[in-house]
>>> print(open('query.txt').read())   # compact mmCIF, C-alpha atoms
# COMPACT_ATOMS: atom_id res chain seq x y z
CA MET A 284 0.00 0.00 0.00
CA ASN A 285 1.29 3.45 -0.93
CA LYS A 286 2.06 6.03 1.72
CA ARG A 287 -0.60 8.71 2.11
CA VAL A 288 0.23 12.40 2.13
CA ALA A 289 -2.40 14.97 3.03
CA ILE A 290 -2.47 18.24 1.18
CA VAL A 291 -4.07 20.40 3.83
CA ILE A 292 -6.23 23.26 2.58
CA GLY A 293 -5.31 25.78 5.26
CA SER A 294 -7.93 28.47 4.70
CA THR A 295 -11.68 28.48 5.20
CA ARG A 296 -12.49 31.88 3.70
CA PRO A 297 -15.62 31.50 1.52
CA THR A 298 -13.96 33.09 -1.53
CA ARG A 299 -10.62 31.36 -0.98
CA ILE A 300 -8.39 30.33 -3.86
CA THR A 301 -6.54 27.90 -1.60
CA ALA A 302 -8.66 24.87 -2.55
CA GLY A 303 -7.95 25.35 -6.26
CA ILE A 304 -4.23 25.76 -5.62
CA ALA A 305 -4.17 22.65 -3.42
CA SER A 306 -6.05 20.63 -6.07
CA TRP A 307 -3.63 21.73 -8.79
CA ILE A 308 -0.68 20.77 -6.59
CA ARG A 309 -2.24 17.38 -5.79
CA ASP A 310 -2.76 16.67 -9.49
CA GLU A 311 0.79 17.76 -10.32
CA LEU A 312 2.29 15.61 -7.56
CA SER A 313 0.12 12.59 -8.34
CA SER A 314 1.19 12.58 -11.98
CA ALA A 315 4.73 11.46 -11.11
CA SER A 316 4.64 9.81 -7.71
CA GLU A 317 4.16 6.50 -5.98
CA LEU A 318 2.72 8.41 -3.01
CA ASP A 319 -1.02 8.91 -2.63
CA TYR A 320 -1.66 12.65 -2.34
CA GLU A 321 -5.09 13.48 -0.91
CA LEU A 322 -6.83 16.75 -0.13
CA LEU A 323 -7.70 17.48 3.50
CA ASP A 324 -9.94 20.54 3.74
CA LEU A 325 -10.09 22.31 7.10
CA ALA A 326 -13.44 23.81 6.06
CA GLU A 327 -14.87 20.28 5.95
CA ILE A 328 -13.19 19.26 9.21
CA ASN A 329 -14.90 22.27 10.81
CA LEU A 330 -13.17 22.26 14.18
CA PRO A 331 -14.41 24.73 16.78
CA PHE A 332 -11.96 27.12 18.37
CA LEU A 333 -9.73 24.98 20.62
CA ASP A 334 -12.01 23.71 23.37
CA GLU A 335 -10.13 20.84 24.99
CA THR A 336 -9.53 21.09 28.74
CA PHE A 337 -6.10 19.48 28.71
CA MET A 338 -3.08 20.41 26.64
CA ALA A 339 -2.73 18.34 23.49
CA ALA A 340 0.56 16.75 24.58
CA LEU A 341 -1.39 14.72 27.16
CA GLY A 342 -3.59 13.13 24.49
CA LYS A 343 -6.63 13.27 26.81
CA TYR A 344 -9.37 14.29 24.40
CA GLU A 345 -12.82 15.03 25.81
CA HIS A 346 -14.62 15.92 22.58
CA GLU A 347 -15.65 13.68 19.72
CA HIS A 348 -14.49 16.23 17.12
CA THR A 349 -10.98 16.04 18.57
CA VAL A 350 -10.99 12.25 18.55
CA ARG A 351 -12.11 12.28 14.90
CA TRP A 352 -9.44 14.85 14.01
CA SER A 353 -6.81 12.75 15.78
CA GLU A 354 -7.82 9.67 13.78
CA ILE A 355 -7.69 11.59 10.50
CA VAL A 356 -4.26 13.05 11.23
CA GLN A 357 -2.88 9.67 12.33
CA SER A 358 -4.08 8.09 9.07
CA PHE A 359 -1.61 10.13 6.98
CA ASP A 360 2.12 9.52 6.68
CA GLY A 361 3.10 13.05 5.65
CA TYR A 362 1.73 16.52 5.06
CA ILE A 363 1.88 19.43 2.66
CA PHE A 364 0.12 22.49 4.05
CA VAL A 365 -1.24 25.03 1.54
CA PHE A 366 -2.18 28.45 2.87
CA PRO A 367 -2.23 32.17 2.12
CA GLN A 368 -0.31 34.80 3.99
CA TYR A 369 -2.65 36.97 6.06
CA ASN A 370 -1.15 40.14 7.56
CA TRP A 371 2.34 38.59 7.48
CA GLY A 372 1.16 35.42 9.17
CA TYR A 373 -0.73 32.25 8.38
CA PRO A 374 -4.48 31.65 8.90
CA ALA A 375 -5.79 31.17 12.43
CA VAL A 376 -7.84 28.16 11.33
CA LEU A 377 -4.61 26.35 10.46
CA LYS A 378 -2.97 27.19 13.78
CA ASN A 379 -6.12 26.03 15.56
CA ALA A 380 -6.13 22.70 13.69
CA LEU A 381 -2.48 22.13 14.56
CA ASP A 382 -2.92 23.06 18.22
CA PHE A 383 -5.71 20.51 18.80
CA LEU A 384 -3.14 17.70 18.57
CA TYR A 385 0.48 17.06 19.38
CA GLU A 386 1.78 13.49 19.27
CA GLU A 387 -0.15 12.80 16.06
CA TRP A 388 2.08 15.28 14.17
CA SER A 389 5.37 14.18 15.71
CA GLY A 390 7.96 12.65 13.40
CA LYS A 391 5.90 13.04 10.23
CA PRO A 392 7.48 14.73 7.23
CA ALA A 393 5.95 18.04 6.20
CA SER A 394 6.33 20.78 3.68
CA PHE A 395 4.21 23.77 2.82
CA VAL A 396 3.08 26.04 0.04
CA THR A 397 2.42 29.66 0.90
CA PHE A 398 1.08 32.34 -1.38
CA GLY A 399 0.60 36.05 -1.43
CA THR A 400 1.64 39.18 -3.27
CA ARG A 401 5.24 38.49 -2.25
CA GLY A 402 4.95 34.74 -1.96
CA GLY A 403 4.08 34.44 1.71
CA SER A 404 7.62 34.47 3.08
CA ARG A 405 6.58 35.89 6.47
CA ALA A 406 3.97 33.18 6.92
CA ALA A 407 6.54 30.60 5.82
CA GLU A 408 8.99 31.73 8.51
CA GLN A 409 6.38 31.44 11.23
CA PHE A 410 5.09 28.11 9.97
CA ALA A 411 8.55 26.55 9.86
CA THR A 412 8.88 27.37 13.57
CA ILE A 413 5.56 25.70 14.34
CA LEU A 414 6.63 22.53 12.51
CA MET A 415 9.73 22.41 14.73
CA GLY A 416 7.57 22.86 17.83
CA LEU A 417 5.40 19.92 16.75
CA HIS A 418 8.54 17.82 16.12
CA MET A 419 7.59 17.26 12.51
CA LYS A 420 10.31 16.50 9.98
CA ALA A 421 10.26 19.72 7.97
CA LEU A 422 11.46 19.08 4.44
CA ASP A 423 14.13 21.38 3.04
CA ASP A 424 11.91 22.27 0.10
CA HIS A 425 8.85 24.45 0.36
CA LEU A 426 7.17 26.78 -2.07
CA GLU A 427 6.31 30.49 -1.93
CA VAL A 428 3.94 31.37 -4.79
CA VAL A 429 3.64 34.99 -5.88
CA ILE A 430 0.03 35.89 -6.67
CA THR A 431 -0.70 39.50 -7.50
CA LYS A 432 -3.88 41.32 -8.54
CA ASP A 433 -2.86 40.64 -12.15
CA HIS A 434 -3.48 36.93 -11.53
CA LEU A 435 -7.00 37.56 -10.20
CA ASP A 436 -10.34 38.41 -11.78
CA ASP A 437 -12.94 40.87 -10.45
CA ASN A 438 -14.19 38.20 -8.01
CA TRP A 439 -10.68 37.63 -6.60
CA GLN A 440 -10.41 34.23 -8.25
CA LEU A 441 -7.41 33.08 -10.28
CA ASN A 442 -7.71 33.93 -13.97
CA ASP A 443 -5.72 30.90 -15.06
CA ILE A 444 -4.54 28.59 -12.30
CA ASP A 445 -2.31 26.58 -14.61
CA ALA A 446 -0.54 29.68 -15.95
CA THR A 447 -0.08 30.96 -12.39
CA LEU A 448 1.30 27.71 -10.95
CA ARG A 449 3.07 26.09 -13.94
CA PRO A 450 6.29 28.11 -13.29
CA TYR A 451 6.52 26.33 -9.92
CA ALA A 452 6.09 22.79 -11.27
CA ALA A 453 9.77 21.84 -10.91
CA GLN A 454 9.79 23.00 -7.28
CA ILE A 455 6.63 21.01 -6.62
CA GLN A 456 8.32 17.91 -8.03
CA SER A 457 11.32 18.58 -5.76
CA ILE A 458 8.95 18.46 -2.81
CA ASN A 459 7.64 15.13 -4.10
CA VAL A 460 11.16 13.70 -4.37
CA GLU A 461 12.03 14.83 -0.87
CA MET A 462 8.73 13.57 0.56
CA SER A 463 9.28 10.20 -1.15
CA ARG A 464 12.73 9.93 0.41
CA ALA A 465 11.44 10.94 3.83
CA LEU A 466 8.80 8.22 3.62
CA GLY A 467 11.20 5.60 2.26
CA GLU A 468 9.47 5.38 -1.11
CA ASP A 469 11.17 5.20 -4.48
CA ASN A 470 10.22 8.06 -6.72
>>> encode(input="query.txt", output="structure tokens")
Amino acid sequence: MNKRVAIVIGSTRPTRITAGIASWIRDELSSASELDYELLDLAEINLPFLDETFMAALGKYEHEHTVRWSEIVQSFDGYIFVFPQYNWGYPAVLKNALDFLYEEWSGKPASFVTFGTRGGSRAAEQFATILMGLHMKALDDHLEVVITKDHLDDNWQLNDIDATLRPYAAQIQSINVEMSRALGEDN
């Protein structure tokens, strides 16, 4: 059975472009990989704001939504988080989802794709620190996608997702190679 890697859609904004970007990345990765890349949408997970009594490191979950989230996270072997940069940081919904759990993230390889008018470098810096705090195996490769108003239509949706993301295809494949190695899979 192939190793499973979640591509986490790290924004829940109703008009988000994150889901389309994550889908494009999944398709690009799946075209040349033995790994099974699957979308994991935080909007569908729909966690409340952190409501557990005990800190996550204890693993004492009182709520069914946390138990379900724990089972989902444990079912994946690696992660690629896709998220926009908001005010030089990453979305609160993503931080919340991470903070619900602790041990479930530990030791799993992870990379991320940020995007924004300058590529999301500030969010990337913060996120890399969080991966260290969760004891995840942060891959060397990650992606910072520049998306400006020129890439967007009047409804703030991407004009041409393939034209916007195609220049990053080689970097995306580098993430695949590194993820494959981290999971002990041949590429």
>>> residues_near_point(input="query.txt", point="(5.4, 28.9, 5.1)", cutoff="9 Å", atoms="all atoms listed in the file", output="number ranges by chain")
A: 364-368, 372-373, 394-398, 403-411, 425-427
>>> write_last_selection(input="query.txt", atoms="C-alpha atoms", output="mmCIF file, keeping the file's coordinate frame")
data_model
loop_
_atom_site.group_PDB
_atom_site.id
_atom_site.type_symbol
_atom_site.label_atom_id
_atom_site.label_comp_id
_atom_site.auth_asym_id
_atom_site.auth_seq_id
_atom_site.Cartn_x
_atom_site.Cartn_y
_atom_site.Cartn_z
ATOM 1 C CA PHE A 364 0.120 22.490 4.050
ATOM 2 C CA VAL A 365 -1.240 25.030 1.540
ATOM 3 C CA PHE A 366 -2.180 28.450 2.870
ATOM 4 C CA PRO A 367 -2.230 32.170 2.120
ATOM 5 C CA GLN A 368 -0.310 34.800 3.990
ATOM 6 C CA GLY A 372 1.160 35.420 9.170
ATOM 7 C CA TYR A 373 -0.730 32.250 8.380
ATOM 8 C CA SER A 394 6.330 20.780 3.680
ATOM 9 C CA PHE A 395 4.210 23.770 2.820
ATOM 10 C CA VAL A 396 3.080 26.040 0.040
ATOM 11 C CA THR A 397 2.420 29.660 0.900
ATOM 12 C CA PHE A 398 1.080 32.340 -1.380
ATOM 13 C CA GLY A 403 4.080 34.440 1.710
ATOM 14 C CA SER A 404 7.620 34.470 3.080
ATOM 15 C CA ARG A 405 6.580 35.890 6.470
ATOM 16 C CA ALA A 406 3.970 33.180 6.920
ATOM 17 C CA ALA A 407 6.540 30.600 5.820
ATOM 18 C CA GLU A 408 8.990 31.730 8.510
ATOM 19 C CA GLN A 409 6.380 31.440 11.230
ATOM 20 C CA PHE A 410 5.090 28.110 9.970
ATOM 21 C CA ALA A 411 8.550 26.550 9.860
ATOM 22 C CA HIS A 425 8.850 24.450 0.360
ATOM 23 C CA LEU A 426 7.170 26.780 -2.070
ATOM 24 C CA GLU A 427 6.310 30.490 -1.930
#
>>> atom_distance(input="query.txt", atom1="atom CA of Leu377 of chain A", atom2="atom CA of Gly293 of chain A")
5.3 Å
>>> closest_atom_pairs(input="query.txt", of="segment 296-415 of chain A", to="segment 454-470 of chain A", cutoff="8 Å", atoms="only C-alpha atoms", output="CSV")
residue,atom,partner,partner_atom,distance
A:Ile308,CA,A:Ile455,CA,7.3
A:Glu311,CA,A:Ile455,CA,7.6
A:Leu312,CA,A:Asn459,CA,6.4
A:Ala315,CA,A:Asn470,CA,7.8
A:Ser316,CA,A:Asn470,CA,5.9
A:Glu317,CA,A:Asn470,CA,6.3
A:Leu318,CA,A:Ser463,CA,7.0
A:Asp360,CA,A:Leu466,CA,7.5
A:Gly361,CA,A:Met462,CA,7.6
A:Pro392,CA,A:Ala465,CA,6.5
A:Ala393,CA,A:Met462,CA,7.7
A:Ser394,CA,A:Ile458,CA,7.4
>>> closest_residue(input="query.txt", among="A:Leu384, A:Leu441, A:Val429, A:Ile290", to="Glu321 of chain A", atoms="all atoms listed in the file")
A:Ile290
>>> atom_distance(input="query.txt", atom1="atom CA of Phe359 of chain A", atom2="atom CA of Ser313 of chain A")
15.6 Å
>>> atom_distance(input="query.txt", atom1="atom CA of Met415 of chain A", atom2="atom CA of Trp371 of chain A")
19.2 Å
>>> closest_residue(input="query.txt", among="A:Tyr369, A:Tyr344, A:Tyr320, A:Trp307", to="Asn285 of chain A", atoms="all atoms listed in the file")
A:Tyr320
>>> residues_around(input="query.txt", residues="Val291 of chain A", least_positions_apart="2", cutoff="8 Å", atoms="all atoms listed in the file", output="list in words")
Ala289, Gly293, Ala305, Leu322, Leu323, Asp324, Leu325, Tyr362, Ile363, Phe364 and Val365 of chain A
>>> residues_around(input="query.txt", residues="Ile444 of chain A", least_positions_apart="3", cutoff="9 Å", atoms="all atoms listed in the file", output="PyMOL selection string")
chain A and resi 303-304+307+434+441+447-449
>>> closest_residue(input="query.txt", among="A:Ala340, A:Tyr385, A:Leu333, A:Thr400", to="Lys432 of chain A", atoms="all atoms listed in the file")
A:Thr400
>>> closest_residue(input="query.txt", among="A:Val376, A:Ala339, A:Ile355, A:Val350", to="Ala326 of chain A", atoms="all atoms listed in the file")
A:Val376
>>> closest_residue(input="query.txt", among="A:Phe383, A:Gly399, A:Pro374, A:Leu422", to="Glu345 of chain A", atoms="only C-alpha atoms")
A:Phe383
>>> residues_around(input="query.txt", residues="Leu417 of chain A", least_positions_apart="4", cutoff="8 Å", atoms="all atoms listed in the file", output="number ranges by chain")
A: 385-386, 388-389, 413
